[in-house]
$ cat data08.cif   # mmCIF, C-alpha atoms
data_start
loop_
_atom_site.label_atom_id
_atom_site.label_comp_id
_atom_site.auth_asym_id
_atom_site.auth_seq_id
_atom_site.Cartn_x
_atom_site.Cartn_y
_atom_site.Cartn_z
CA MET A 13 0.00 0.00 0.00
CA ASN A 14 1.56 3.27 -1.05
CA ASN A 15 1.07 6.66 0.59
CA GLU A 16 -1.58 7.79 -1.87
CA GLU A 17 -3.71 4.76 -1.11
CA LYS A 18 -3.23 5.28 2.66
CA GLU A 19 -4.53 8.84 2.44
CA ARG A 20 -7.48 7.77 0.28
CA HIS A 21 -8.52 5.10 2.79
CA THR A 22 -8.45 7.63 5.63
CA PHE A 23 -10.39 10.25 3.75
CA ASP A 24 -13.00 7.72 2.71
CA GLY A 25 -13.87 7.39 6.42
CA MET A 26 -12.37 3.95 6.79
CA GLU A 27 -10.22 2.76 9.68
CA PRO A 28 -6.78 4.38 9.59
CA VAL A 29 -4.04 1.99 8.71
CA VAL A 30 -1.74 3.02 11.57
CA LYS A 31 -3.37 2.59 14.97
CA SER A 32 -2.44 4.82 17.91
CA VAL A 33 -0.61 3.13 20.76
CA SER A 34 0.08 4.33 24.27
CA VAL A 35 3.67 5.49 24.68
CA LYS A 36 3.44 5.73 28.49
CA LYS A 37 6.14 3.62 30.06
CA PRO A 38 4.86 1.08 32.58
CA GLN A 39 5.81 2.13 36.12
CA SER A 40 7.73 -0.43 38.12
CA PHE A 41 6.79 -1.10 41.73
CA PHE A 42 10.00 0.50 42.97
CA GLY A 43 9.90 3.42 40.53
CA GLU A 44 9.40 6.88 41.97
CA ARG A 45 5.92 8.31 41.42
CA PRO A 46 5.69 11.92 40.25
CA LEU A 47 4.56 14.48 42.80
CA THR A 48 1.06 15.54 41.88
CA ALA A 49 0.36 19.23 41.82
CA ILE A 50 -2.99 20.25 43.27
CA GLU A 51 -4.76 23.56 43.23
CA MET A 52 -5.92 24.72 46.64
CA ALA A 53 -8.02 27.65 47.71
CA PRO A 54 -5.76 30.23 49.41
CA ARG A 55 -8.12 30.40 52.40
CA VAL A 56 -7.91 26.64 52.99
CA LEU A 57 -4.16 26.67 52.56
CA ARG A 58 -3.81 29.52 55.07
CA TYR A 59 -6.02 27.75 57.59
CA GLN A 60 -4.12 24.45 57.31
CA SER A 61 -0.74 26.16 57.51
CA ARG A 62 -1.76 28.14 60.59
CA ARG A 63 -3.00 24.96 62.25
CA ASP A 64 0.22 23.06 61.44
CA PHE A 65 2.44 25.89 62.69
CA LEU A 66 0.46 26.12 65.93
CA VAL A 67 0.79 22.37 66.49
CA PHE A 68 4.51 22.62 65.74
CA GLY A 69 4.94 25.49 68.22
CA ALA A 70 2.95 23.67 70.89
CA GLY A 71 5.08 20.57 70.34
CA ALA A 72 8.30 22.57 70.67
CA LEU A 73 7.07 24.11 73.94
CA ALA A 74 6.00 20.70 75.23
CA ALA A 75 9.46 19.29 74.42
CA LEU A 76 11.14 22.15 76.32
CA ALA A 77 8.83 21.68 79.29
CA GLY A 78 9.48 17.92 79.18
CA ALA A 79 13.23 18.52 79.17
CA GLY A 80 12.88 20.85 82.15
CA PHE A 81 10.89 18.22 83.98
CA VAL A 82 13.16 15.26 83.28
CA LEU A 83 16.70 16.67 83.20
CA PRO A 84 18.60 16.98 86.50
CA GLN A 85 19.01 20.45 87.98
CA GLN A 86 22.80 20.24 87.63
CA THR A 87 22.47 19.85 83.85
CA LEU A 88 19.83 22.57 83.59
CA SER A 89 22.05 24.99 85.52
CA ARG A 90 24.90 24.36 83.08
CA MET A 91 22.50 25.09 80.21
CA GLY A 92 21.79 28.48 81.76
CA MET A 93 18.62 27.69 83.69
CA PRO A 94 19.24 29.34 87.07
CA ARG A 95 15.81 28.55 88.49
CA ASN A 96 15.56 25.36 90.50
CA MET A 97 13.36 23.01 88.50
CA ASP A 98 13.76 20.10 90.88
CA SER A 99 10.50 19.04 92.36
CA PRO A 100 9.16 16.10 94.32
CA GLY A 101 7.18 15.26 91.18
CA LYS A 102 10.34 14.85 89.08
CA GLU A 103 11.93 12.59 91.67
CA ARG A 104 8.75 10.56 92.01
CA PHE A 105 8.46 10.21 88.22
CA LEU A 106 12.01 8.91 87.83
CA LYS A 107 11.68 6.55 90.81
CA GLN A 108 8.34 5.26 89.60
CA SER A 109 9.67 4.56 86.12
CA THR A 110 12.49 2.49 87.64
CA ALA A 111 10.10 0.74 90.03
CA TYR A 112 7.80 -0.10 87.12
CA ARG A 113 10.68 -1.51 85.16
CA ARG A 114 11.81 -3.62 88.12
CA ARG A 115 8.31 -5.01 88.59
CA ARG A 116 8.20 -5.98 84.95
CA CYS A 117 11.63 -7.58 85.00
CA ARG A 118 10.84 -9.59 88.11
CA GLY A 119 8.04 -11.31 86.28
CA SER A 120 10.09 -12.08 83.23
CA VAL A 121 12.41 -14.93 82.44
CA LEU A 122 15.24 -12.51 81.65
CA TRP A 123 15.47 -11.36 85.27
CA ASN A 124 16.47 -14.82 86.48
CA SER A 125 18.80 -15.59 83.60
CA GLN A 126 22.50 -14.90 83.60
CA GLY A 127 22.38 -11.32 82.41
CA THR A 128 24.00 -8.11 83.31
CA ASP A 129 21.42 -5.44 83.87
CA LEU A 130 23.13 -2.07 83.62
CA HIS A 131 20.38 -0.46 85.66
CA GLN A 132 21.24 -2.66 88.62
CA ILE A 133 24.90 -1.67 88.37
CA ALA A 134 24.01 1.99 87.93
CA ASP A 135 21.69 2.00 90.90
CA TYR A 136 24.37 0.34 92.99
CA LEU A 137 27.00 2.82 91.87
CA ALA A 138 24.66 5.74 92.48
CA GLN A 139 23.99 4.49 95.99
CA GLU A 140 27.68 4.20 96.63
CA GLN A 141 28.10 7.79 95.42
CA LEU A 142 30.81 6.79 93.00
CA GLN A 143 32.96 9.70 92.05
CA ARG A 144 35.87 9.36 89.73
CA SER A 145 38.94 11.06 91.13
CA TYR A 146 41.56 12.75 89.04
CA SER A 147 44.54 13.01 91.28
CA MET B 26 3.81 33.36 49.49
CA SER B 27 6.96 31.88 48.09
CA GLN B 28 8.49 33.39 44.99
CA SER B 29 8.29 30.02 43.27
CA THR B 30 4.49 30.26 43.05
CA PRO B 31 3.41 30.43 39.44
CA PRO B 32 2.54 34.05 38.56
CA ASN B 33 -0.91 33.10 37.34
CA CYS B 34 -1.69 31.62 40.77
CA GLU B 35 -1.04 34.77 42.79
CA PRO B 36 -4.21 35.79 44.58
CA ASN B 37 -5.70 38.95 43.19
CA SER B 38 -6.34 41.44 45.97
CA THR B 39 -9.11 43.19 44.03
CA SER B 40 -11.17 40.07 43.48
CA THR B 41 -13.51 38.44 45.95
CA LEU B 42 -12.63 35.21 47.74
CA GLN B 43 -14.71 33.15 45.32
CA GLU B 44 -12.91 34.66 42.36
CA GLN B 45 -9.42 34.14 43.77
CA PRO B 46 -7.46 31.62 41.77
CA GLY B 47 -6.19 28.54 43.60
CA VAL B 48 -2.59 28.14 44.68
CA LEU B 49 -0.72 25.36 42.95
CA VAL B 50 1.01 23.15 45.55
CA VAL B 51 2.52 19.69 45.73
CA GLY B 52 2.13 17.38 48.71
CA LYS B 53 5.70 16.62 49.78
CA HIS B 54 5.66 14.92 53.18
CA HIS B 55 3.09 12.68 54.82
CA PHE B 56 2.05 13.97 58.25
CA LEU B 57 3.50 10.89 59.99
CA VAL B 58 6.87 11.55 58.34
CA ARG B 59 6.73 15.19 59.50
CA TRP B 60 5.79 14.28 63.03
CA SER B 61 8.48 11.64 63.36
CA HIS B 62 11.04 14.00 61.79
CA TRP B 63 10.50 16.70 64.44
CA LEU B 64 10.11 14.24 67.30
CA ASN B 65 13.57 12.97 66.44
CA VAL B 66 15.08 16.29 67.53
CA PRO B 67 14.37 16.04 71.31
CA ILE B 68 14.69 12.26 71.29
CA LEU B 69 18.13 12.28 69.66
CA LEU B 70 19.26 15.11 71.93
CA GLY B 71 18.18 13.07 74.95
CA LEU B 72 19.92 9.99 73.60
CA ILE B 73 23.18 11.82 72.93
CA LEU B 74 23.26 13.70 76.25
CA SER B 75 22.48 10.60 78.30
CA GLY B 76 24.67 8.39 76.07
CA ILE B 77 27.79 10.44 76.70
CA SER B 78 27.03 10.37 80.44
CA ILE B 79 26.94 6.57 80.21
CA TYR B 80 30.21 6.65 78.25
CA TRP B 81 31.80 8.56 81.17
CA ALA B 82 31.23 5.59 83.48
CA SER B 83 33.12 3.24 81.18
CA PRO B 84 34.94 4.95 78.31
CA ILE B 85 35.68 2.87 75.23
CA TYR B 86 38.81 4.79 74.40
CA GLN B 87 41.26 4.51 77.28
CA HIS B 88 45.02 4.56 77.68
CA LYS B 89 47.46 3.77 80.45
CA PRO B 90 47.13 6.06 83.48
CA ASP B 91 48.82 9.38 82.93
CA PRO B 92 51.72 9.69 85.41
CA ASN B 93 50.83 13.31 86.21
CA THR B 94 47.03 13.29 86.27
CA GLY B 95 46.16 9.61 86.65
CA ASN B 96 43.70 10.05 83.85
CA VAL B 97 42.89 7.11 81.54
CA ASP B 98 40.05 8.58 79.47
CA VAL B 99 40.76 10.05 76.02
CA ALA B 100 37.68 12.29 76.27
CA ALA B 101 39.09 13.73 79.51
CA ASP B 102 42.40 14.35 77.67
CA ILE B 103 40.52 16.36 75.07
CA GLY B 104 38.90 18.37 77.87
CA ILE B 105 42.29 19.04 79.43
CA TRP B 106 43.68 20.12 76.04
CA ILE B 107 40.72 22.47 75.45
CA CYS B 108 41.18 24.10 78.85
CA ALA B 109 44.90 24.53 78.20
CA HIS B 110 44.63 25.97 74.69
CA VAL B 111 41.23 27.57 74.12
CA PRO B 112 41.04 31.21 75.24
CA GLY B 113 38.64 31.77 78.10
CA GLN B 114 38.80 28.20 79.34
CA HIS B 115 42.08 28.38 81.30
CA HIS B 116 40.36 28.75 84.66
CA TYR B 117 37.85 25.98 84.14
CA SER B 118 37.35 24.22 87.49
CA SER B 119 37.53 20.61 86.26
CA PRO B 120 39.28 20.28 82.87
CA PRO B 121 38.87 16.46 82.60
CA ASP B 122 35.09 16.91 82.86
CA TRP B 123 34.92 19.64 80.21
CA ILE B 124 33.56 17.32 77.48
CA TYR B 125 31.08 15.69 79.84
CA ASN B 126 29.91 19.02 81.24
CA HIS B 127 29.31 20.42 77.75
CA MET B 128 28.09 17.40 75.78
CA SER B 129 26.25 15.24 78.30
CA LEU B 130 24.02 15.33 81.36
CA GLY B 131 27.24 15.55 83.33
CA PRO B 132 29.69 13.20 85.01
CA GLY B 133 28.61 10.98 87.90
CA MET B 134 25.04 10.50 86.68
CA LEU B 135 25.10 6.94 85.40
CA ALA B 136 21.84 5.78 86.98
CA LEU B 137 19.81 8.73 85.77
CA ALA B 138 21.51 8.67 82.38
CA LEU B 139 20.64 5.00 81.86
CA ARG B 140 17.01 5.61 82.75
CA LEU B 141 16.77 8.57 80.39
CA HIS B 142 18.66 6.74 77.66
CA TRP B 143 16.22 3.86 77.71
CA SER B 144 13.18 6.13 77.90
CA CYS B 145 14.46 7.95 74.83
CA ALA B 146 15.46 4.68 73.15
CA TYR B 147 11.93 3.29 73.44
CA LEU B 148 10.56 6.55 72.04
CA PHE B 149 13.15 6.40 69.24
CA MET B 150 12.06 2.88 68.29
CA LEU B 151 8.39 3.89 68.38
CA ASN B 152 9.20 6.96 66.32
CA GLY B 153 11.03 4.80 63.79
CA ILE B 154 7.89 2.70 63.34
CA VAL B 155 5.84 5.89 62.85
CA TYR B 156 8.38 7.10 60.25
CA VAL B 157 8.26 3.85 58.30
CA ALA B 158 4.44 3.88 58.45
CA GLY B 159 4.46 7.44 57.08
CA LEU B 160 6.85 6.46 54.28
CA VAL B 161 4.68 3.52 53.29
CA MET B 162 1.36 5.39 53.52
CA GLY B 163 2.67 8.40 51.61
CA GLY B 164 4.62 6.28 49.10
CA ALA B 165 7.76 8.33 49.81
CA TRP B 166 9.85 5.21 50.44
CA ARG B 167 10.36 4.97 46.68
CA SER B 168 12.12 8.34 46.67
CA LEU B 169 14.71 7.06 49.14
CA LEU B 170 15.75 3.93 47.28
CA PRO B 171 19.26 4.06 45.80
CA ARG B 172 19.55 3.96 42.00
CA ARG B 173 22.18 2.87 39.49
CA THR B 174 22.89 6.45 38.40
CA ASP B 175 23.35 7.68 41.97
CA LEU B 176 27.13 7.59 42.03
CA LEU B 177 27.49 9.86 39.01
CA ASP B 178 24.67 12.15 40.14
CA ALA B 179 26.15 12.35 43.63
CA LEU B 180 29.47 13.47 42.16
CA ARG B 181 27.67 16.15 40.14
CA MET B 182 25.92 17.40 43.27
CA PHE B 183 29.17 17.27 45.25
CA ARG B 184 30.84 19.37 42.57
CA TYR B 185 27.93 21.81 42.73
CA TYR B 186 28.15 22.19 46.53
CA LEU B 187 31.93 22.63 46.38
CA GLY B 188 31.76 25.26 43.67
CA PHE B 189 28.72 27.14 44.92
CA PRO B 190 30.43 29.28 47.63
CA LEU B 191 33.27 30.17 45.27
CA ALA B 192 30.83 31.09 42.53
CA LYS B 193 28.94 33.28 45.00
CA LEU B 194 32.15 35.04 45.98
CA ALA B 195 33.10 35.52 42.35
CA ARG B 196 29.50 36.60 41.54
CA ARG B 197 29.32 33.97 38.86
CA GLN B 198 26.34 31.89 37.92
CA TRP B 199 26.58 28.31 39.16
CA LEU B 200 23.78 26.17 37.86
CA HIS B 201 22.14 23.52 40.01
CA PRO B 202 22.16 20.11 38.30
CA ARG B 203 18.67 19.13 37.16
CA PHE B 204 17.04 15.98 38.50
CA ASN B 205 13.58 14.69 37.77
CA THR B 206 13.28 13.15 41.21
CA LYS B 207 12.09 14.36 44.60
CA TYR B 208 15.60 14.23 46.07
CA ASN B 209 18.99 14.52 44.43
CA ALA B 210 21.43 11.63 44.71
CA LEU B 211 23.30 13.07 47.71
CA GLN B 212 20.09 13.73 49.62
CA ARG B 213 18.87 10.23 48.82
CA ALA B 214 22.13 8.70 50.01
CA ALA B 215 22.02 10.76 53.22
CA TYR B 216 18.37 10.03 54.06
CA PHE B 217 18.70 6.36 53.24
CA SER B 218 21.91 5.87 55.21
CA VAL B 219 20.68 7.78 58.26
CA SER B 220 17.63 5.50 58.38
CA VAL B 221 19.94 2.49 58.24
CA ALA B 222 22.08 4.10 60.96
CA GLY B 223 18.98 4.42 63.14
CA PHE B 224 18.23 0.74 62.71
CA VAL B 225 21.83 -0.30 63.46
CA SER B 226 21.89 2.00 66.52
CA VAL B 227 18.87 0.19 67.92
CA ALA B 228 20.40 -3.21 67.18
CA THR B 229 23.76 -2.31 68.78
CA GLY B 230 21.93 -0.75 71.73
CA TRP B 231 20.06 -3.99 72.40
CA SER B 232 23.23 -6.04 72.06
CA ILE B 233 24.95 -3.82 74.65
CA HIS B 234 21.96 -3.81 76.97
CA LYS B 235 21.44 -7.58 76.95
CA PRO B 236 24.84 -9.04 75.99
CA MET B 237 24.09 -12.45 77.50
CA GLN B 238 20.56 -12.95 76.23
CA LEU B 239 21.26 -11.39 72.83
CA HIS B 240 24.82 -12.65 72.46
CA TRP B 241 24.12 -13.63 68.84
CA LEU B 242 23.34 -9.99 68.10
CA ALA B 243 26.52 -8.82 69.81
CA GLU B 244 28.45 -11.43 67.78
CA LEU B 245 27.05 -9.91 64.59
CA PHE B 246 28.86 -6.70 65.46
CA GLY B 247 32.05 -8.47 66.53
CA GLY B 248 31.34 -8.92 70.23
CA TYR B 249 30.23 -6.77 73.13
CA ASN B 250 33.10 -4.28 73.00
CA ALA B 251 32.90 -3.91 69.24
CA ALA B 252 29.13 -3.30 69.53
CA ARG B 253 29.91 -0.44 71.93
CA VAL B 254 32.34 1.01 69.40
CA TRP B 255 29.67 0.73 66.67
CA HIS B 256 27.11 2.39 68.94
CA PHE B 257 29.50 5.23 69.78
CA TRP B 258 30.46 5.99 66.17
CA LEU B 259 26.85 5.83 64.99
CA MET B 260 26.27 8.86 67.20
CA TRP B 261 28.86 10.70 65.10
CA VAL B 262 27.02 9.61 61.94
CA TYR B 263 24.03 11.60 63.24
CA PHE B 264 26.27 14.61 63.84
CA LEU B 265 27.72 14.29 60.34
CA PHE B 266 24.21 14.10 58.94
CA VAL B 267 22.51 16.79 61.00
CA VAL B 268 25.02 19.63 60.57
CA PRO B 269 25.03 19.77 56.73
CA HIS B 270 21.32 18.86 56.69
CA VAL B 271 20.37 21.93 58.73
CA ILE B 272 22.76 24.22 56.79
CA LEU B 273 21.43 23.05 53.42
CA VAL B 274 17.79 23.35 54.48
CA PHE B 275 18.35 26.98 55.43
CA ALA B 276 20.36 27.56 52.25
CA ASP B 277 17.59 26.06 50.13
CA GLY B 278 15.05 28.49 51.46
CA TRP B 279 11.84 28.91 53.38
CA ASP B 280 9.81 26.59 51.15
CA THR B 281 11.88 23.55 52.12
CA LEU B 282 11.70 24.25 55.86
CA ARG B 283 7.98 25.05 55.69
CA SER B 284 7.22 21.89 53.74
CA MET B 285 8.47 19.82 56.68
CA ILE B 286 5.96 21.59 58.94
CA VAL B 287 2.91 21.95 56.70
CA GLY B 288 3.59 19.13 54.24
CA TRP B 289 3.18 21.04 50.97
CA SER B 290 5.47 23.01 48.73
CA THR B 291 4.78 25.72 46.18
CA ARG B 292 7.57 24.44 43.99
CA ALA B 293 5.11 22.85 41.63
CA ALA B 294 7.20 23.40 38.51
CA ARG B 295 9.48 20.48 39.27
CA SER B 296 6.56 18.11 39.68
CA GLU B 297 5.36 19.09 36.23
CA VAL B 298 8.75 18.13 34.86
CA ILE B 299 8.44 14.76 36.56
CA ALA B 300 4.95 14.31 35.21
CA LYS B 301 6.12 14.76 31.62
#

$ encode --input "data08.cif" --output "structure tokens"
Amino acid sequence: MNNEEKERHTFDGMEPVVKSVSVKKPQSFFGERPLTAIEMAPRVLRYQSRRDFLVFGAGALAALAGAGFVLPQQTLSRMGMPRNMDSPGKERFLKQSTAYRRRRCRGSVLWNSQGTDLHQIADYLAQEQLQRSYS
Amino acid sequence: MSQSTPPNCEPNSTSTLQEQPGVLVVGKHHFLVRWSHWLNVPILLGLILSGISIYWASPIYQHKPDPNTGNVDVAADIGIWICAHVPGQHHYSSPPDWIYNHMSLGPGMLALALRLHWSCAYLFMLNGIVYVAGLVMGGAWRSLLPRRTDLLDALRMFRYYLGFPLAKLARRQWLHPRFNTKYNALQRAAYFSVSVAGFVSVATGWSIHKPMQLHWLAELFGGYNAARVWHFWLMWVYFLFVVPHVILVFADGWDTLRSMIVGWSTRAARSEVIAK
């Protein structure tokens, strides 16, 4: 079939000789997907951004408060926190977390096995008020 | 509004809200990925501060006792050197503790440090699960997988980063290599390897914590002492990652930092290139 005949067939309203095929490459499972652009109303975008920034700020403040609650006063003083943040609550929290852990370990098989539990050693050393001396 | 917003998407101040055109954005980070990313900051700080306090109790790097000071700890040597040579530190009360006073909870706090370290370690493991869940749900895990062309692309990016400050000084144009992917090869290598480092840190941490019960795990790392060395140096991997990461985020601009808080970016042009 020459070109002239091809054109005639098409113009006559018949099926074109060359069929269209998809040239889209099949995406593999591990292949990166394109980022899809979406159009958003500015008002919605502003609202969502404000919400996310507020959550972020609240999280940052919570992290700072948590650090103040958990870290020892000696460390906080070195970081420039002159106010005494030690409280009975902090002490109780740290003691309770250790007590909880001990209760859990007592019930487990690991407690009775031949293992070195660093917390036991640390508690012992803390009780003995170990201080390294640099003569 | 970022300057990268397409001009036709700028809201028109004279029009009503209904008539305002939409802003073209691309969703960059799943909210679980964002949450776990920011949670890593206090958790890693807690792990590092308490970890160095634990290191104080039994340093990995020791030498024979110094005849003058009796010191055996290399970290204490560094502290002594800093106090002897750095201006303003000559009158420091306890030079051997300088490193521990500045980079940890402090010396002599083993019990508290261990408690905090494990509290943070459990949170770190939980956070890792949240991060992986976010990667899977958002499909972003595909962007982190290494590719065959990564070595060459990484070299191109490395060349770009090396030449960029000089080009700025010389007021010359220094074109950023073009990539049709979410991250460039160096970013991909960094994000992928820091995730692996997180996993190995957890594994070495367990092998140190339970060396008898998990002796097979300690053996994987070459024994208990070698696992401690691995664990120690993995901390420095985080330092090596975090410092350039933060610098480059600020250098890249507000859009990049904001996208890790709000999840979207106005740099839609690149996504169109990918979509081609």

$ atom_distance --input "data08.cif" --atom1 "atom CA of Leu273 of chain B" --atom2 "atom CA of Gly76 of chain B"
27.2 Å

$ resolve_selection --input "data08.cif" --expression "the PyMOL selection byres ((chain A and resi 59-75) around 12)" --output "PyMOL selection string"
(chain A and resi 52-58+76-83) or (chain B and resi 26+56+59-68+70-71+282-290)

$ resolve_selection --input "data08.cif" --expression "the PyMOL selection byres ((chain B) within 8 of (chain A))" --output "JSON, numbers by chain"
{"B": [36, 45, 46, 47, 48, 49, 50, 51, 52, 53, 67, 94, 95, 96, 121, 126, 127, 130, 131, 133, 134, 135, 136, 139, 140, 167, 168, 170, 206, 207, 234, 235, 236, 237, 238, 286, 287, 293, 296, 297, 299, 300]}

$ atom_distance --input "data08.cif" --atom1 "atom CA of Met182 of chain B" --atom2 "atom CA of Gln212 of chain B"
9.4 Å

$ closest_residue --input "data08.cif" --among "B:Asn205, B:Asn250, B:Asn152, B:Gln198" --to "Leu57 of chain B" --atoms "all atoms listed in the file"
B:Asn152

$ atom_distance --input "data08.cif" --atom1 "atom CA of Pro120 of chain B" --atom2 "atom CA of Ile103 of chain B"
8.8 Å

$ resolve_selection --input "data08.cif" --expression "the PyMOL selection byres ((chain B and resi 88) around 8)" --output "PDB file with C-alpha atoms, keeping the file's coordinate frame"
ATOM      1  CA  TYR B  86      38.810   4.790  74.400  1.00  0.00           C
ATOM      2  CA  GLN B  87      41.260   4.510  77.280  1.00  0.00           C
ATOM      3  CA  LYS B  89      47.460   3.770  80.450  1.00  0.00           C
ATOM      4  CA  PRO B  90      47.130   6.060  83.480  1.00  0.00           C
ATOM      5  CA  VAL B  97      42.890   7.110  81.540  1.00  0.00           C
ATOM      6  CA  ASP B  98      40.050   8.580  79.470  1.00  0.00           C
ATOM      7  CA  VAL B  99      40.760  10.050  76.020  1.00  0.00           C
TER       8      VAL B  99
END

$ closest_residue --input "data08.cif" --among "B:Val268, B:His55, B:Thr281, B:Gly230" --to "Cys145 of chain B" --atoms "all atoms listed in the file"
B:Gly230

$ decode --input "data08.cif" --residues "segment 42-80 of chain B" --atoms "C-alpha atoms" --output "JSON list (two decimals), in the first residue's frame"
[["chain", "number", "residue", "atom", "x", "y", "z"],
["B", 42, "LEU", "CA", -12.63, 35.21, 47.74],
["B", 43, "GLN", "CA", -14.71, 33.15, 45.32],
["B", 44, "GLU", "CA", -12.91, 34.66, 42.36],
["B", 45, "GLN", "CA", -9.42, 34.14, 43.77],
["B", 46, "PRO", "CA", -7.46, 31.62, 41.77],
["B", 47, "GLY", "CA", -6.19, 28.54, 43.60],
["B", 48, "VAL", "CA", -2.59, 28.14, 44.68],
["B", 49, "LEU", "CA", -0.72, 25.36, 42.95],
["B", 50, "VAL", "CA", 1.01, 23.15, 45.55],
["B", 51, "VAL", "CA", 2.52, 19.69, 45.73],
["B", 52, "GLY", "CA", 2.13, 17.38, 48.71],
["B", 53, "LYS", "CA", 5.70, 16.62, 49.78],
["B", 54, "HIS", "CA", 5.66, 14.92, 53.18],
["B", 55, "HIS", "CA", 3.09, 12.68, 54.82],
["B", 56, "PHE", "CA", 2.05, 13.97, 58.25],
["B", 57, "LEU", "CA", 3.50, 10.89, 59.99],
["B", 58, "VAL", "CA", 6.87, 11.55, 58.34],
["B", 59, "ARG", "CA", 6.73, 15.19, 59.50],
["B", 60, "TRP", "CA", 5.79, 14.28, 63.03],
["B", 61, "SER", "CA", 8.48, 11.64, 63.36],
["B", 62, "HIS", "CA", 11.04, 14.00, 61.79],
["B", 63, "TRP", "CA", 10.50, 16.70, 64.44],
["B", 64, "LEU", "CA", 10.11, 14.24, 67.30],
["B", 65, "ASN", "CA", 13.57, 12.97, 66.44],
["B", 66, "VAL", "CA", 15.08, 16.29, 67.53],
["B", 67, "PRO", "CA", 14.37, 16.04, 71.31],
["B", 68, "ILE", "CA", 14.69, 12.26, 71.29],
["B", 69, "LEU", "CA", 18.13, 12.28, 69.66],
["B", 70, "LEU", "CA", 19.26, 15.11, 71.93],
["B", 71, "GLY", "CA", 18.18, 13.07, 74.95],
["B", 72, "LEU", "CA", 19.92, 9.99, 73.60],
["B", 73, "ILE", "CA", 23.18, 11.82, 72.93],
["B", 74, "LEU", "CA", 23.26, 13.70, 76.25],
["B", 75, "SER", "CA", 22.48, 10.60, 78.30],
["B", 76, "GLY", "CA", 24.67, 8.39, 76.07],
["B", 77, "ILE", "CA", 27.79, 10.44, 76.70],
["B", 78, "SER", "CA", 27.03, 10.37, 80.44],
["B", 79, "ILE", "CA", 26.94, 6.57, 80.21],
["B", 80, "TYR", "CA", 30.21, 6.65, 78.25]]
